[in-house]
Structure formats: C-alpha cells, structure tokens
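Structure file structure-v7.cif with mmCIF, C-alpha atoms and all ligand atoms:
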data_model
#
loop_
_atom_site.group_PDB
_atom_site.id
_atom_site.type_symbol
_atom_site.label_atom_id
_atom_site.label_comp_id
_atom_site.auth_asym_id
_atom_site.auth_seq_id
_atom_site.Cartn_x
_atom_site.Cartn_y
_atom_site.Cartn_z
ATOM 1 C CA MET A 1 1.052 25.961 -1.105
ATOM 2 C CA LEU A 2 2.322 23.160 1.130
ATOM 3 C CA ASP A 3 5.621 23.101 2.926
ATOM 4 C CA LEU A 4 7.245 20.568 5.194
ATOM 5 C CA ARG A 5 9.346 20.734 8.318
ATOM 6 C CA HIS A 6 10.995 17.701 9.897
ATOM 7 C CA PHE A 7 12.000 17.099 13.511
ATOM 8 C CA PHE A 8 14.495 14.393 14.446
ATOM 9 C CA ASP A 9 14.564 12.673 17.826
ATOM 10 C CA LYS A 10 18.166 11.509 18.217
ATOM 11 C CA GLU A 11 17.331 9.142 21.076
ATOM 12 C CA THR A 12 15.024 6.956 18.990
ATOM 13 C CA TYR A 13 16.103 8.029 15.484
ATOM 14 C CA THR A 14 12.496 9.057 14.800
ATOM 15 C CA LEU A 15 11.351 11.639 12.270
ATOM 16 C CA THR A 16 8.250 13.687 13.005
ATOM 17 C CA TYR A 17 6.844 15.631 10.065
ATOM 18 C CA LEU A 18 4.838 18.816 10.100
ATOM 19 C CA VAL A 19 3.048 19.561 6.822
ATOM 20 C CA TYR A 20 1.662 23.059 6.600
ATOM 21 C CA ASP A 21 -0.172 25.243 4.146
ATOM 22 C CA LYS A 22 1.674 28.530 3.870
ATOM 23 C CA ASP A 23 -1.487 30.295 2.699
ATOM 24 C CA SER A 24 -4.166 28.985 5.073
ATOM 25 C CA LEU A 25 -1.681 28.238 7.935
ATOM 26 C CA ASP A 26 -3.402 24.888 8.536
ATOM 27 C CA CYS A 27 -0.995 22.141 9.537
ATOM 28 C CA ILE A 28 -0.898 18.449 10.332
ATOM 29 C CA LEU A 29 1.643 16.447 12.252
ATOM 30 C CA ILE A 30 2.801 12.899 11.526
ATOM 31 C CA ASP A 31 4.250 10.634 14.241
ATOM 32 C CA PRO A 32 5.001 13.029 17.117
ATOM 33 C CA VAL A 33 7.305 11.759 19.878
ATOM 34 C CA TRP A 34 6.811 11.794 23.642
ATOM 35 C CA ASN A 35 10.286 11.427 25.111
ATOM 36 C CA TYR A 36 10.725 8.643 27.625
ATOM 37 C CA ASP A 37 13.775 8.030 29.763
ATOM 38 C CA GLN A 38 13.801 4.383 30.641
ATOM 39 C CA SER A 39 16.271 4.431 33.501
ATOM 40 C CA SER A 40 14.232 6.964 35.492
ATOM 41 C CA SER A 41 10.897 5.989 33.844
ATOM 42 C CA THR A 42 10.048 9.624 33.218
ATOM 43 C CA VAL A 43 8.381 11.286 30.258
ATOM 44 C CA SER A 44 9.253 14.708 28.912
ATOM 45 C CA GLU A 45 7.715 16.968 26.293
ATOM 46 C CA ARG A 46 11.016 18.066 24.768
ATOM 47 C CA SER A 47 10.202 16.880 21.233
ATOM 48 C CA VAL A 48 6.600 18.108 21.317
ATOM 49 C CA ASN A 49 7.788 21.485 22.554
ATOM 50 C CA GLU A 50 10.154 21.774 19.622
ATOM 51 C CA VAL A 51 7.224 21.251 17.253
ATOM 52 C CA LEU A 52 5.039 23.646 19.215
ATOM 53 C CA GLY A 53 7.751 26.297 19.009
ATOM 54 C CA PHE A 54 7.644 26.093 15.215
ATOM 55 C CA ILE A 55 3.836 26.089 15.119
ATOM 56 C CA ASP A 56 3.751 29.122 17.373
ATOM 57 C CA LYS A 57 6.461 31.042 15.549
ATOM 58 C CA ASN A 58 4.660 30.596 12.236
ATOM 59 C CA SER A 59 1.135 31.104 13.632
ATOM 60 C CA LEU A 60 0.068 27.693 12.290
ATOM 61 C CA ARG A 61 -3.189 25.973 13.202
ATOM 62 C CA LEU A 62 -2.786 22.302 14.073
ATOM 63 C CA GLN A 63 -5.707 20.306 12.682
ATOM 64 C CA LEU A 64 -4.756 16.672 12.834
ATOM 65 C CA VAL A 65 -2.166 14.254 14.195
ATOM 66 C CA LEU A 66 -1.561 11.164 12.073
ATOM 67 C CA GLU A 67 0.011 7.954 13.300
ATOM 68 C CA THR A 68 1.531 5.699 10.644
ATOM 69 C CA HIS A 69 1.257 2.782 13.121
ATOM 70 C CA ALA A 70 1.545 1.793 16.781
ATOM 71 C CA HIS A 71 5.275 2.336 17.206
ATOM 72 C CA ALA A 72 7.352 -0.124 19.184
ATOM 73 C CA ASP A 73 10.373 2.079 19.783
ATOM 74 C CA HIS A 74 9.044 5.390 21.070
ATOM 75 C CA LEU A 75 5.977 6.790 22.795
ATOM 76 C CA SER A 76 3.545 8.788 20.702
ATOM 77 C CA GLY A 77 3.201 12.465 21.561
ATOM 78 C CA ALA A 78 -0.374 12.582 20.214
ATOM 79 C CA GLN A 79 -2.103 12.894 23.591
ATOM 80 C CA VAL A 80 0.344 15.499 24.820
ATOM 81 C CA LEU A 81 -0.722 17.606 21.837
ATOM 82 C CA LYS A 82 -4.391 16.814 22.358
ATOM 83 C CA LYS A 83 -4.146 18.141 25.921
ATOM 84 C CA LYS A 84 -2.785 21.413 24.569
ATOM 85 C CA PHE A 85 -5.196 21.575 21.595
ATOM 86 C CA PRO A 86 -8.339 19.633 22.587
ATOM 87 C CA GLU A 87 -9.959 20.377 19.219
ATOM 88 C CA ILE A 88 -7.395 18.439 17.152
ATOM 89 C CA LYS A 89 -8.109 14.961 15.875
ATOM 90 C CA ILE A 90 -5.820 11.933 16.146
ATOM 91 C CA GLY A 91 -6.063 9.431 13.290
ATOM 92 C CA ILE A 92 -4.671 5.978 12.485
ATOM 93 C CA GLY A 93 -5.522 3.081 10.152
ATOM 94 C CA LYS A 94 -8.542 1.152 11.409
ATOM 95 C CA ARG A 95 -6.636 -2.126 11.617
ATOM 96 C CA ILE A 96 -5.190 -0.734 14.877
ATOM 97 C CA ILE A 97 -8.072 -2.652 16.445
ATOM 98 C CA GLU A 98 -6.352 -5.940 15.529
ATOM 99 C CA VAL A 99 -3.146 -4.706 17.142
ATOM 100 C CA GLN A 100 -5.016 -3.625 20.278
ATOM 101 C CA LYS A 101 -6.733 -7.008 20.572
ATOM 102 C CA THR A 102 -3.452 -8.867 20.143
ATOM 103 C CA PHE A 103 -1.491 -6.870 22.706
ATOM 104 C CA LYS A 104 -4.417 -6.736 25.108
ATOM 105 C CA GLU A 105 -3.925 -10.486 25.448
ATOM 106 C CA ILE A 106 -0.128 -10.445 25.401
ATOM 107 C CA PHE A 107 0.036 -7.849 28.194
ATOM 108 C CA ASN A 108 -3.122 -9.117 29.922
ATOM 109 C CA LEU A 109 -4.812 -5.706 29.922
ATOM 110 C CA PRO A 110 -8.492 -6.417 30.686
ATOM 111 C CA ASP A 111 -9.289 -2.704 30.974
ATOM 112 C CA LEU A 112 -7.839 -1.748 27.586
ATOM 113 C CA ASN A 113 -10.564 -0.641 25.190
ATOM 114 C CA SER A 114 -9.814 -2.514 21.967
ATOM 115 C CA SER A 115 -12.396 -0.784 19.774
ATOM 116 C CA GLY A 116 -10.005 1.931 18.595
ATOM 117 C CA ALA A 117 -11.935 4.491 20.677
ATOM 118 C CA GLN A 118 -8.719 6.146 21.911
ATOM 119 C CA PHE A 119 -8.354 7.592 18.400
ATOM 120 C CA ASP A 120 -10.704 10.198 16.929
ATOM 121 C CA LEU A 121 -10.427 8.886 13.371
ATOM 122 C CA LEU A 122 -9.972 5.327 12.145
ATOM 123 C CA PHE A 123 -9.130 5.342 8.456
ATOM 124 C CA ASP A 124 -10.063 2.896 5.752
ATOM 125 C CA ASP A 125 -7.704 1.923 2.967
ATOM 126 C CA ASN A 126 -7.686 4.640 0.283
ATOM 127 C CA GLU A 127 -9.736 6.985 2.444
ATOM 128 C CA GLU A 128 -9.408 10.662 1.569
ATOM 129 C CA ILE A 129 -9.018 12.903 4.592
ATOM 130 C CA LYS A 130 -9.399 16.666 4.783
ATOM 131 C CA ALA A 131 -7.590 18.633 7.468
ATOM 132 C CA GLY A 132 -8.455 22.282 6.937
ATOM 133 C CA SER A 133 -7.011 23.043 3.505
ATOM 134 C CA ILE A 134 -4.750 19.940 3.477
ATOM 135 C CA ASN A 135 -5.883 16.840 1.571
ATOM 136 C CA ILE A 136 -4.506 13.478 2.585
ATOM 137 C CA LYS A 137 -4.980 9.980 1.229
ATOM 138 C CA CYS A 138 -4.521 7.038 3.577
ATOM 139 C CA ILE A 139 -2.967 4.006 1.886
ATOM 140 C CA PHE A 140 -2.721 0.813 3.928
ATOM 141 C CA THR A 141 0.801 -0.609 3.808
ATOM 142 C CA PRO A 142 0.709 -3.584 6.211
ATOM 143 C CA GLY A 143 3.676 -5.818 6.912
ATOM 144 C CA HIS A 144 5.762 -4.165 9.624
ATOM 145 C CA THR A 145 2.480 -4.254 11.572
ATOM 146 C CA PRO A 146 -0.984 -5.106 10.197
ATOM 147 C CA ALA A 147 -2.217 -1.571 10.936
ATOM 148 C CA CYS A 148 0.546 0.322 9.122
ATOM 149 C CA ALA A 149 -0.679 3.108 6.881
ATOM 150 C CA SER A 150 1.140 5.514 4.588
ATOM 151 C CA TYR A 151 -0.182 9.004 3.982
ATOM 152 C CA LEU A 152 -0.071 10.655 0.577
ATOM 153 C CA ILE A 153 -0.181 14.453 0.561
ATOM 154 C CA ASP A 154 0.388 15.989 -2.877
ATOM 155 C CA ASP A 155 3.556 14.280 -4.115
ATOM 156 C CA MET A 156 4.763 13.377 -0.623
ATOM 157 C CA LEU A 157 4.287 9.904 0.816
ATOM 158 C CA PHE A 158 4.898 9.326 4.519
ATOM 159 C CA VAL A 159 5.621 5.618 4.763
ATOM 160 C CA GLY A 160 6.145 5.005 8.470
ATOM 161 C CA ASP A 161 8.402 1.963 8.880
ATOM 162 C CA ALA A 162 7.516 0.259 5.579
ATOM 163 C CA LEU A 163 10.620 1.656 3.907
ATOM 164 C CA PHE A 164 13.772 3.315 5.145
ATOM 165 C CA MET A 165 16.378 5.116 3.088
ATOM 166 C CA PRO A 166 17.619 2.898 0.225
ATOM 167 C CA ASP A 167 20.919 2.216 2.033
ATOM 168 C CA TYR A 168 19.090 0.837 5.083
ATOM 169 C CA GLY A 169 16.233 -1.174 3.606
ATOM 170 C CA THR A 170 12.792 -1.946 4.970
ATOM 171 C CA GLY A 171 10.972 -2.292 8.290
ATOM 172 C CA ARG A 172 11.197 -5.449 10.379
ATOM 173 C CA CYS A 173 8.221 -7.776 10.195
ATOM 174 C CA ASP A 174 8.581 -9.907 13.308
ATOM 175 C CA PHE A 175 6.175 -8.175 15.668
ATOM 176 C CA PRO A 176 2.918 -10.054 16.364
ATOM 177 C CA LEU A 177 0.823 -10.077 13.168
ATOM 178 C CA GLY A 178 3.735 -8.621 11.186
ATOM 179 C CA SER A 179 4.336 -10.270 7.805
ATOM 180 C CA SER A 180 7.263 -10.009 5.403
ATOM 181 C CA SER A 181 4.989 -11.338 2.676
ATOM 182 C CA ASP A 182 2.481 -8.521 3.340
ATOM 183 C CA LEU A 183 5.255 -5.927 3.413
ATOM 184 C CA TYR A 184 6.514 -7.151 0.041
ATOM 185 C CA GLU A 185 3.020 -6.715 -1.392
ATOM 186 C CA SER A 186 2.589 -3.281 0.206
ATOM 187 C CA ILE A 187 5.887 -2.000 -1.150
ATOM 188 C CA THR A 188 5.781 -3.503 -4.634
ATOM 189 C CA LYS A 189 2.061 -3.167 -5.365
ATOM 190 C CA LYS A 190 1.240 0.066 -3.557
ATOM 191 C CA ILE A 191 4.330 2.225 -3.003
ATOM 192 C CA PHE A 192 6.301 1.254 -6.128
ATOM 193 C CA THR A 193 3.249 1.811 -8.348
ATOM 194 C CA LEU A 194 3.051 5.499 -7.438
ATOM 195 C CA PRO A 195 4.679 7.947 -9.874
ATOM 196 C CA ASP A 196 8.499 7.660 -9.855
ATOM 197 C CA GLU A 197 8.931 11.245 -8.693
ATOM 198 C CA THR A 198 6.781 10.740 -5.569
ATOM 199 C CA LYS A 199 8.828 11.835 -2.558
ATOM 200 C CA ILE A 200 9.068 9.250 0.191
ATOM 201 C CA TYR A 201 9.573 10.323 3.807
ATOM 202 C CA THR A 202 10.722 7.692 6.300
ATOM 203 C CA CYS A 203 9.763 7.521 9.978
ATOM 204 C CA HIS A 204 13.310 6.645 11.041
ATOM 205 C CA ASP A 205 16.842 7.132 9.893
ATOM 206 C CA TYR A 206 19.506 5.202 11.776
ATOM 207 C CA LEU A 207 22.459 7.113 10.284
ATOM 208 C CA PRO A 208 24.080 3.904 8.928
ATOM 209 C CA ASN A 209 27.886 3.870 8.746
ATOM 210 C CA GLY A 210 28.007 7.276 10.356
ATOM 211 C CA ARG A 211 26.460 9.089 7.401
ATOM 212 C CA GLU A 212 24.529 12.308 7.905
ATOM 213 C CA LEU A 213 20.763 12.304 8.486
ATOM 214 C CA ARG A 214 18.702 11.457 5.389
ATOM 215 C CA PHE A 215 14.964 10.925 5.422
ATOM 216 C CA GLN A 216 13.664 11.737 1.969
ATOM 217 C CA THR A 217 13.973 9.569 -1.100
ATOM 218 C CA THR A 218 11.769 8.917 -4.141
ATOM 219 C CA VAL A 219 9.838 5.981 -5.526
ATOM 220 C CA ALA A 220 12.338 5.805 -8.415
ATOM 221 C CA GLU A 221 15.338 5.732 -6.077
ATOM 222 C CA CYS A 222 13.802 3.013 -3.878
ATOM 223 C CA LYS A 223 12.857 0.883 -6.871
ATOM 224 C CA LYS A 224 16.394 1.115 -8.155
ATOM 225 C CA ASN A 225 18.552 1.135 -5.028
ATOM 226 C CA ASN A 226 16.809 -0.179 -1.926
ATOM 227 C CA ILE A 227 19.285 -2.711 -0.593
ATOM 228 C CA GLN A 228 16.629 -5.112 0.710
ATOM 229 C CA LEU A 229 13.731 -4.749 -1.700
ATOM 230 C CA ASN A 230 14.040 -3.171 -5.111
ATOM 231 C CA GLN A 231 12.329 -3.739 -8.438
ATOM 232 C CA SER A 232 14.406 -6.834 -9.156
ATOM 233 C CA THR A 233 13.800 -8.565 -5.781
ATOM 234 C CA SER A 234 11.460 -11.557 -5.935
ATOM 235 C CA LYS A 235 8.944 -12.192 -3.181
ATOM 236 C CA ARG A 236 10.672 -15.439 -2.233
ATOM 237 C CA GLU A 237 14.049 -13.755 -1.973
ATOM 238 C CA TYR A 238 12.678 -10.915 0.143
ATOM 239 C CA VAL A 239 10.626 -13.047 2.516
ATOM 240 C CA GLU A 240 13.551 -15.406 3.082
ATOM 241 C CA PHE A 241 15.948 -12.516 3.670
ATOM 242 C CA ARG A 242 13.587 -10.532 5.914
ATOM 243 C CA ASN A 243 12.644 -13.484 8.114
ATOM 244 C CA LYS A 244 16.278 -14.492 8.551
ATOM 245 C CA ARG A 245 17.337 -10.927 9.347
ATOM 246 C CA ASP A 246 14.451 -10.384 11.794
ATOM 247 C CA ALA A 247 15.425 -13.492 13.747
ATOM 248 C CA MET A 248 18.778 -11.808 14.490
ATOM 249 C CA LEU A 249 17.470 -8.351 15.451
ATOM 250 C CA LYS A 250 17.416 -7.213 19.045
ATOM 251 C CA THR A 251 14.149 -6.282 20.758
ATOM 252 C CA PRO A 252 13.698 -2.489 20.574
ATOM 253 C CA LYS A 253 14.828 -0.857 23.824
ATOM 254 C CA LEU A 254 11.490 0.873 24.473
ATOM 255 C CA LEU A 255 9.237 -1.917 23.179
ATOM 256 C CA LEU A 256 7.350 -2.569 26.421
ATOM 257 C CA PRO A 257 6.425 1.021 27.315
ATOM 258 C CA SER A 258 5.901 2.017 23.677
ATOM 259 C CA ILE A 259 3.422 -0.715 22.842
ATOM 260 C CA GLN A 260 1.392 -0.267 26.021
ATOM 261 C CA VAL A 261 1.112 3.490 25.546
ATOM 262 C CA ASN A 262 0.698 3.561 21.779
ATOM 263 C CA ILE A 263 -2.063 0.958 21.495
ATOM 264 C CA ASN A 264 -3.831 3.123 24.063
ATOM 265 C CA GLY A 265 -3.719 6.079 21.657
ATOM 266 C CA GLY A 266 -0.666 7.626 23.345
ATOM 267 C CA ASN A 267 -2.208 7.535 26.843
ATOM 268 C CA LEU A 268 -0.441 6.228 29.925
ATOM 269 C CA PRO A 269 -2.524 3.800 31.979
ATOM 270 C CA ASN A 270 -4.870 5.582 34.419
ATOM 271 C CA VAL A 271 -3.116 6.883 37.502
ATOM 272 C CA GLU A 272 -3.576 4.838 40.655
ATOM 273 C CA GLU A 273 -4.642 6.145 44.105
ATOM 274 C CA ASN A 274 -1.189 7.566 44.692
ATOM 275 C CA ASN A 275 -1.424 9.568 41.456
ATOM 276 C CA VAL A 276 1.218 7.482 39.665
ATOM 277 C CA SER A 277 0.722 5.596 36.389
ATOM 278 C CA TYR A 278 2.276 2.114 36.086
ATOM 279 C CA LEU A 279 3.293 0.095 33.035
ATOM 280 C CA LYS A 280 3.645 -3.676 33.043
ATOM 281 C CA ILE A 281 6.850 -5.678 32.605
ATOM 282 C CA PRO A 282 6.257 -9.333 31.774
ATOM 283 C CA VAL A 283 8.790 -11.776 33.240
ATOM 284 C CA ARG A 284 9.273 -15.185 31.692
ATOM 285 C CA SER A 285 11.578 -18.096 32.415
ATOM 286 C CA LYS A 286 13.873 -19.319 29.666
HETATM 287 FE FE FE B 301 7.619 0.946 13.885
#

What does the file become when written as structure tokens?
Amino acid sequence: MLDLRHFFDKETYTLTYLVYDKDSLDCILIDPVWNYDQSSSTVSERSVNEVLGFIDKNSLRLQLVLETHAHADHLSGAQVLKKKFPEIKIGIGKRIIEVQKTFKEIFNLPDLNSSGAQFDLLFDDNEEIKAGSINIKCIFTPGHTPACASYLIDDMLFVGDALFMPDYGTGRCDFPLGSSSDLYESITKKIFTLPDETKIYTCHDYLPNGRELRFQTTVAECKKNNIQLNQSTSKREYVEFRNKRDAMLKTPKLLLPSIQVNINGGNLPNVEENNVSYLKIPVRSK
C-alpha cells in the first residue's frame, strides 16, 4: 500500500514528494531540493537531509528520483542523493535534450553534454516505469517548459509546474521554448481528462494572501475552480491572459544557477584547478 510524505522548502516554496510502499519499503522521490544561498553562493544539503532522515527512520529503500522538469527557481538535489545512494536512478522526460540544447547556446556552454546523458532514464510520453514495487506512468505535460512531465502513481498525479492550487493558477510559460498554447493543451487534454477524483500534487505553493500551505487538489476541483484555466476557459482567453501575465512577472531569483545546474542533471560545473566550481552570469547592456 502506497503512502506519501511531503517536504516543503520555504525559501523557494518548493514541494518535494516521497512516495513509499509501506509493505515493500521501496520509495521514490519527486523534485528534491539542493539548497543554495545566493548571497554567499553556497550550497547546503538541509532539504535532502530532511528527506534522508525520514527514509532512514522508516527503513525505506530509495529506488528512483524523478524530475518533473528542469527547474528555474531551485537547484535539484538529485545528484546529492546519487552520491549517497549510487545505485538509484534519476529520470526526466526525454525532451530535456531540447532544453539542454537551448540553454547550452544561451549560456555558451561548449562542454555541456546535451544528449541527456546526465540522467539515467529519459522517459517517453506515456511510458510506464517500475521502481521496485511502485508503478509510475510518465505523462508529458509541456508548456511551462517543453520537457515538463507529470507522473501518475495510482490515483496521484504529480504535475510539476503545470498547475498550482486552484487559487493560484498555472505555471508561467515565458521561458525559452515555453508555450501557453501547449500548456492549455496539456492541462485540458491530458490532466483534465483523468478521472475527477485523481489527486493532483503541485511542485510549488506560494501561500497566496497569507493562507496556510496547500499542495493537493483534485482534477474535479481544478476543472471547476482554477482561477486561470478551468473547464470554461477557452484557449484564446487563456493564451492571451497567460502571455500578458508572464510579461509582467519578475525573473526567478535563482534562475541563473538553477538552469545551469539542473540542465546538467543537478551537477555543478566541474571544479577548476583550485577545487572551486564556477557558474556563469551573463551581462548585457540595455
Ligand atoms: Fe518550474
């Protein structure tokens, strides 16, 4: 029987989910966080350690780390976990290759391998994945990024940044290769066509208007109440709204480090002769 435990990183409003089988003790982790302090440019394993504490306490066996996409607002903790458990696999939708190619050019990273090789598993749309006793279906839900995937496990759907809680809306679509039109299709034709009672778990909750943390909704609730895209929203309305809204949004605080690390599978760039790893900061004139 499956159970779920969530972990919330207050710095980046990110939810990490641990799904575990109470009988076999197999578990998988979705979207782990590697904490990064921008002012000192230091990483810490605080969030990963919280997860590891739970895994340890319950004698769980980590099988697989799933990324819903290459996040632009936090660093992935996947490689930190891989160093501790070299046998685990890290998986992501195979369209990550498009994202790698795009950002390889944007950041001018000639050494970046853009074949997806940093990940152990590159999923196809509708691919069924087995992690010990846990069965997962990967459903591509592009829009926020082209490589976004949702993961269906029993009646739980982990949607990444495609959808947020109904009072907050949907993911932004203004990153390179993002598309509000694609996100509309992903939500209305893929997520909204799942059974109404399917539980939806979001990758972020921004605690709008000071409300308490909420991260689980249902297909029925989203279809009825999502403030940006519900069952009565037309594609034209949504695309117009989303594009206008995205033009006003600020760049995520950790965009530059997050993208460079996450398209590299959660790895920092190789250390230089002085044993320090460096990230790039592009500078442009207005
Ligand atoms: Fe994201």

| query | Leaving out stretch 16-28 of chain A and any residue of its chain fewer than 6 positions from it, which residues lie within 9 Å of it when counting all atoms listed in the file, given as a PyMOL selection string? | reply | chain A and resi 1-9+51+55+58-66+131-134+153+158+201+203-204

Could you please take those selected residues and save C-alpha atoms as an mmCIF file, in the coordinates of the input?
data_model
loop_
_atom_site.group_PDB
_atom_site.id
_atom_site.type_symbol
_atom_site.label_atom_id
_atom_site.label_comp_id
_atom_site.auth_asym_id
_atom_site.auth_seq_id
_atom_site.Cartn_x
_atom_site.Cartn_y
_atom_site.Cartn_z
ATOM 1 C CA MET A 1 1.052 25.961 -1.105
ATOM 2 C CA LEU A 2 2.322 23.160 1.130
ATOM 3 C CA ASP A 3 5.621 23.101 2.926
ATOM 4 C CA LEU A 4 7.245 20.568 5.194
ATOM 5 C CA ARG A 5 9.346 20.734 8.318
ATOM 6 C CA HIS A 6 10.995 17.701 9.897
ATOM 7 C CA PHE A 7 12.000 17.099 13.511
ATOM 8 C CA PHE A 8 14.495 14.393 14.446
ATOM 9 C CA ASP A 9 14.564 12.673 17.826
ATOM 10 C CA VAL A 51 7.224 21.251 17.253
ATOM 11 C CA ILE A 55 3.836 26.089 15.119
ATOM 12 C CA ASN A 58 4.660 30.596 12.236
ATOM 13 C CA SER A 59 1.135 31.104 13.632
ATOM 14 C CA LEU A 60 0.068 27.693 12.290
ATOM 15 C CA ARG A 61 -3.189 25.973 13.202
ATOM 16 C CA LEU A 62 -2.786 22.302 14.073
ATOM 17 C CA GLN A 63 -5.707 20.306 12.682
ATOM 18 C CA LEU A 64 -4.756 16.672 12.834
ATOM 19 C CA VAL A 65 -2.166 14.254 14.195
ATOM 20 C CA LEU A 66 -1.561 11.164 12.073
ATOM 21 C CA ALA A 131 -7.590 18.633 7.468
ATOM 22 C CA GLY A 132 -8.455 22.282 6.937
ATOM 23 C CA SER A 133 -7.011 23.043 3.505
ATOM 24 C CA ILE A 134 -4.750 19.940 3.477
ATOM 25 C CA ILE A 153 -0.181 14.453 0.561
ATOM 26 C CA PHE A 158 4.898 9.326 4.519
ATOM 27 C CA TYR A 201 9.573 10.323 3.807
ATOM 28 C CA CYS A 203 9.763 7.521 9.978
ATOM 29 C CA HIS A 204 13.310 6.645 11.041
#

| Which residues sit within 12 Å of ligand FE 301 (chain B), counting only C-alpha atoms and all ligand atoms, listed as number ranges by chain? | A: 12-15, 31, 67-76, 142-149, 159-164, 170-175, 178, 202-205, 251-252, 254-255, 258-259, 262

Requested write-out: C-alpha atoms of the selected residues, as an mmCIF file, keeping the file's coordinate frame:
data_model
loop_
_atom_site.group_PDB
_atom_site.id
_atom_site.type_symbol
_atom_site.label_atom_id
_atom_site.label_comp_id
_atom_site.auth_asym_id
_atom_site.auth_seq_id
_atom_site.Cartn_x
_atom_site.Cartn_y
_atom_site.Cartn_z
ATOM 1 C CA THR A 12 15.024 6.956 18.990
ATOM 2 C CA TYR A 13 16.103 8.029 15.484
ATOM 3 C CA THR A 14 12.496 9.057 14.800
ATOM 4 C CA LEU A 15 11.351 11.639 12.270
ATOM 5 C CA ASP A 31 4.250 10.634 14.241
ATOM 6 C CA GLU A 67 0.011 7.954 13.300
ATOM 7 C CA THR A 68 1.531 5.699 10.644
ATOM 8 C CA HIS A 69 1.257 2.782 13.121
ATOM 9 C CA ALA A 70 1.545 1.793 16.781
ATOM 10 C CA HIS A 71 5.275 2.336 17.206
ATOM 11 C CA ALA A 72 7.352 -0.124 19.184
ATOM 12 C CA ASP A 73 10.373 2.079 19.783
ATOM 13 C CA HIS A 74 9.044 5.390 21.070
ATOM 14 C CA LEU A 75 5.977 6.790 22.795
ATOM 15 C CA SER A 76 3.545 8.788 20.702
ATOM 16 C CA PRO A 142 0.709 -3.584 6.211
ATOM 17 C CA GLY A 143 3.676 -5.818 6.912
ATOM 18 C CA HIS A 144 5.762 -4.165 9.624
ATOM 19 C CA THR A 145 2.480 -4.254 11.572
ATOM 20 C CA PRO A 146 -0.984 -5.106 10.197
ATOM 21 C CA ALA A 147 -2.217 -1.571 10.936
ATOM 22 C CA CYS A 148 0.546 0.322 9.122
ATOM 23 C CA ALA A 149 -0.679 3.108 6.881
ATOM 24 C CA VAL A 159 5.621 5.618 4.763
ATOM 25 C CA GLY A 160 6.145 5.005 8.470
ATOM 26 C CA ASP A 161 8.402 1.963 8.880
ATOM 27 C CA ALA A 162 7.516 0.259 5.579
ATOM 28 C CA LEU A 163 10.620 1.656 3.907
ATOM 29 C CA PHE A 164 13.772 3.315 5.145
ATOM 30 C CA THR A 170 12.792 -1.946 4.970
ATOM 31 C CA GLY A 171 10.972 -2.292 8.290
ATOM 32 C CA ARG A 172 11.197 -5.449 10.379
ATOM 33 C CA CYS A 173 8.221 -7.776 10.195
ATOM 34 C CA ASP A 174 8.581 -9.907 13.308
ATOM 35 C CA PHE A 175 6.175 -8.175 15.668
ATOM 36 C CA GLY A 178 3.735 -8.621 11.186
ATOM 37 C CA THR A 202 10.722 7.692 6.300
ATOM 38 C CA CYS A 203 9.763 7.521 9.978
ATOM 39 C CA HIS A 204 13.310 6.645 11.041
ATOM 40 C CA ASP A 205 16.842 7.132 9.893
ATOM 41 C CA THR A 251 14.149 -6.282 20.758
ATOM 42 C CA PRO A 252 13.698 -2.489 20.574
ATOM 43 C CA LEU A 254 11.490 0.873 24.473
ATOM 44 C CA LEU A 255 9.237 -1.917 23.179
ATOM 45 C CA SER A 258 5.901 2.017 23.677
ATOM 46 C CA ILE A 259 3.422 -0.715 22.842
ATOM 47 C CA ASN A 262 0.698 3.561 21.779
#

| remark: Pairwise distance, atom CA of A:Ile139 with atom CA of A:Ser186, equals 9.3 Å

| message | List as a count of residues only the protein and nucleic acid residues near A:Lys190, meaning an atom at most 12 Å away when all atoms listed in the file are counted, but skip any in the same chain fewer than 5 places from it. | response | 20

| task | Just give me the gap between atom CA of A:Gly53 and atom CA of A:Glu87 in Å, one decimal is fine. | result |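 According to the coordinates, atom CA of A:Gly53 and atom CA of A:Glu87 are separated by 18.7 Å.
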
Using 8 Å of padding on each side, determine the axis-aligned box around all atoms of stretch 129-140 of chain A present in the file and give its centre and edge lengths in Å to one decimal, as JSON.
{"center_x": -6.1, "center_y": 11.9, "center_z": 4.3, "size_x": 22.7, "size_y": 38.2, "size_z": 22.2}

| Distance atom CA of A:Ile227-atom CA of A:Ser181, one decimal place? | 17.0 Å

| request: Determine the nearest neighbour of A:Pro257 from the options A:Asn209, A:Asn35, A:Thr233, A:Gln118, counting all atoms listed in the file. | output: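 Residue with the minimum atom-to-atom distance to A:Pro257: A:Asn35.
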
| query | So which one's closest to A:Ile187, A:Leu229, A:Thr217, A:Pro166, A:Tyr206? Using all atoms listed in the file, please. | reply | A:Leu229

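Nearest-residue note for A:Asn113: choosing from A:Asn225, A:Asn49, A:Gln260, A:Asn275, the minimum distance belongs to A:Gln260, counting all atoms listed in the file.
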
| Top pick for closest residue to A:Asn267, considering A:Leu279, A:Met165, A:Met248, A:Leu121 and counting all atoms listed in the file |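 Smallest separation from A:Asn267 among the options: A:Leu279.
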
| said: At a cut-off of 8 Å, using only C-alpha atoms, what residues contact A:Leu122? Leave out same-chain residues fewer than 6 positions from it and give the result as a list in words. | reply: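 Non-adjacent residues within range: Gly91, Ile92, Gly93, Lys94 and Gly116 of chain A.
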
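If you count all atoms listed in the file and ignore residues fewer than 4 places along the chain from A:Ala220, what sits within 7 Å of it is A:Asp196, A:Glu197, A:Lys224.
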
Print the selection's residues with C-alpha atoms to a file, as a short mmCIF file (atom, residue, chain, number, x, y, z; two decimals), keeping the file's coordinate frame.
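This is the output file part-v7.cif:
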data_model
loop_
_atom_site.label_atom_id
_atom_site.label_comp_id
_atom_site.auth_asym_id
_atom_site.auth_seq_id
_atom_site.Cartn_x
_atom_site.Cartn_y
_atom_site.Cartn_z
CA ASP A 196 8.50 7.66 -9.86
CA GLU A 197 8.93 11.24 -8.69
CA LYS A 224 16.39 1.12 -8.15
#

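Remark: for A:Asp124, the closest of the candidate residues A:Ile96, A:Leu29, A:Leu256, A:Val43 is A:Ile96 (distances computed over only C-alpha atoms).
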
Shell around stretch 103-109 of chain A at 9 Å using all atoms listed in the file, local window under 5 positions removed, as a PDB file with C-alpha atoms, keeping the file's coordinate frame:
ATOM      1  CA  GLU A  98      -6.352  -5.940  15.529  1.00  0.00           C
ATOM      2  CA  SER A 114      -9.814  -2.514  21.967  1.00  0.00           C
ATOM      3  CA  PRO A 176       2.918 -10.054  16.364  1.00  0.00           C
ATOM      4  CA  ILE A 259       3.422  -0.715  22.842  1.00  0.00           C
ATOM      5  CA  GLN A 260       1.392  -0.267  26.021  1.00  0.00           C
ATOM      6  CA  ILE A 263      -2.063   0.958  21.495  1.00  0.00           C
ATOM      7  CA  LYS A 280       3.645  -3.676  33.043  1.00  0.00           C
ATOM      8  CA  ILE A 281       6.850  -5.678  32.605  1.00  0.00           C
ATOM      9  CA  PRO A 282       6.257  -9.333  31.774  1.00  0.00           C
TER      10      PRO A 282
END

| query | Which of these, A:Lys223, A:Arg236, A:Lys253, A:Arg46, has the shortest distance to A:Ile200 once you count all atoms listed in the file? | reply |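 So, comparing all the options, the nearest one is A:Lys223.
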